[in-house]
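Working notes, structure below.
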Amino acid sequence: MSRRQQSTSPAASAPPDAGITLMTATVLPIWSRQLRAIQNTVQGGAVDLLSCFAGIMGLQDLLDSELKAMPADAAHTLALQQLSQELALQCERALVGLQFGDRATQMLDILHDDTQRFSQELPNMAHADAAEAQAWLDALEARYTTDEQRDPHHGESTGPPHNNVEFF
Amino acid sequence: MSKTILVIDDSGSFRTVVKLALQKAGYTVIEAVDGQDAVGKLTGAKINLIVCDVNMPNMDGLTFLRHVKTLPTYKFTPVIMLTTESQESKKAEGREAGAKAWITKPFQPSQLVDAVNRLCV
């Protein structure tokens, strides 16, 4: 193909950023749907687990009510009381662990929305400068709600979230 | 008669975690999906304490908190903010708006129950 023919082809006559716009419009919606699919998977698992733990906690309540009717000083009563306490402890740990799925879902939700926003605005970014890039980064950071999002934004690793209670 | 707690969170699974913990401790739980839904649930109900998320659609938790503090029936009802948000500036907003406690997720159910027992008098 001659140089002249190349310059008159539809691709060559399109604006220089048309390819980027096309690729963005084609690929980003797929990633957006994939993020939603991950969210749904995580949420579905959490709902199943919660239902399971509601059942286990109900069984523990049943065990506790049976224990009240048993002789308090009998060896097998004490053994079952220990078992009930251990069960309560494990249920507590499970309920803490289940919240991480919800946390992951929230983080994915924010990432999904940011991906969509980026996809919509990309066609207008052909002449973006460093200040506009920084403004985008600042806007991303402003939407985070957890340290697990803020730390990796700055390239820092983050430890497990520490729970705390603060009274005012 | 058990005391009633209004739990506001846009995550159904999270509301269930809170409900399991509070019901096991003997409380009755009413659920709301966001601040706007919660405003409707306040009407005609006797709520002893409110557990509220911060980041929610339609009406966020801090807006709801400020609204509650304008209602004669509920202005003295204790509100616990239960949220992933750990920024000091947000906590300060909650404190100034009248929240009684700020619990960061993920929380231990026993911690939440202790806080509710302490404030729900």
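Residues are named by chain letter and number: chains run A, B, ... in the order of the structure tokens, numbers start at 1 in each chain, and ligands are numbered from 1 in the order shown.
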Do me a favour and pick out the residues of chain B within 7 Å of chain A, using only C-alpha atoms, as a list in words.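 For chain B, the answer reads Ser13, Phe14, Val17, Leu20, Thr84, Glu85, Ser86, Arg95, Lys100, Ala101, Trp102, Ile103, Thr104, Lys105, Pro106, Phe107, Gln108 and Pro109 of chain B.
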Run DSSP on the backbone and tell me which residues of segment 10-73 of chain B come out as strand (DSSP E); list them as a list in words. Thr28, Val29, Ile30, Glu31, Ala32, Leu49, Ile50, Val51 and Cys52 of chain B
For N, CA and C atoms, I'd like the residues from the last selection saved as an mmCIF file, in the first residue's frame.
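As written to disk, out.cif reads:
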data_model
loop_
_atom_site.group_PDB
_atom_site.id
_atom_site.type_symbol
_atom_site.label_atom_id
_atom_site.label_comp_id
_atom_site.auth_asym_id
_atom_site.auth_seq_id
_atom_site.Cartn_x
_atom_site.Cartn_y
_atom_site.Cartn_z
ATOM 1 N N THR B 28 -34.932 -6.084 70.277
ATOM 2 C CA THR B 28 -35.761 -6.156 69.074
ATOM 3 C C THR B 28 -35.125 -5.233 68.028
ATOM 4 N N VAL B 29 -35.045 -5.699 66.795
ATOM 5 C CA VAL B 29 -34.354 -4.923 65.750
ATOM 6 C C VAL B 29 -35.319 -4.538 64.633
ATOM 7 N N ILE B 30 -35.312 -3.252 64.292
ATOM 8 C CA ILE B 30 -36.016 -2.764 63.101
ATOM 9 C C ILE B 30 -34.936 -2.370 62.102
ATOM 10 N N GLU B 31 -35.118 -2.731 60.817
ATOM 11 C CA GLU B 31 -34.090 -2.444 59.805
ATOM 12 C C GLU B 31 -34.527 -1.328 58.856
ATOM 13 N N ALA B 32 -33.553 -0.544 58.414
ATOM 14 C CA ALA B 32 -33.793 0.451 57.364
ATOM 15 C C ALA B 32 -32.618 0.404 56.392
ATOM 16 N N LEU B 49 -32.647 3.125 70.620
ATOM 17 C CA LEU B 49 -31.279 3.444 70.190
ATOM 18 C C LEU B 49 -31.185 3.225 68.685
ATOM 19 N N ILE B 50 -30.302 3.980 68.057
ATOM 20 C CA ILE B 50 -30.132 3.853 66.601
ATOM 21 C C ILE B 50 -28.683 3.473 66.293
ATOM 22 N N VAL B 51 -28.503 2.465 65.438
ATOM 23 C CA VAL B 51 -27.180 2.089 64.924
ATOM 24 C C VAL B 51 -27.171 2.454 63.444
ATOM 25 N N CYS B 52 -26.246 3.330 63.042
ATOM 26 C CA CYS B 52 -26.345 3.906 61.698
ATOM 27 C C CYS B 52 -25.011 3.877 60.941
#
List as a PyMOL selection string the protein and nucleic acid residues near Ser2 of chain B, meaning an atom at most 10 Å away when only C-alpha atoms are counted, but skip any in the same chain fewer than 5 places from it. chain B and resi 23+25-29+48
Nearest residue to Ala99 of chain B out of B:Thr4, B:Thr77, B:Asn58, B:Ser11, using only C-alpha atoms?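 Distance minimum relative to Ala99 of chain B lands on B:Thr77.
Using only C-alpha atoms, the shortest contact distance between Ala115 of chain B and any of B:Leu71, B:Lys41, B:Leu6, B:Val79 is found at B:Val79.
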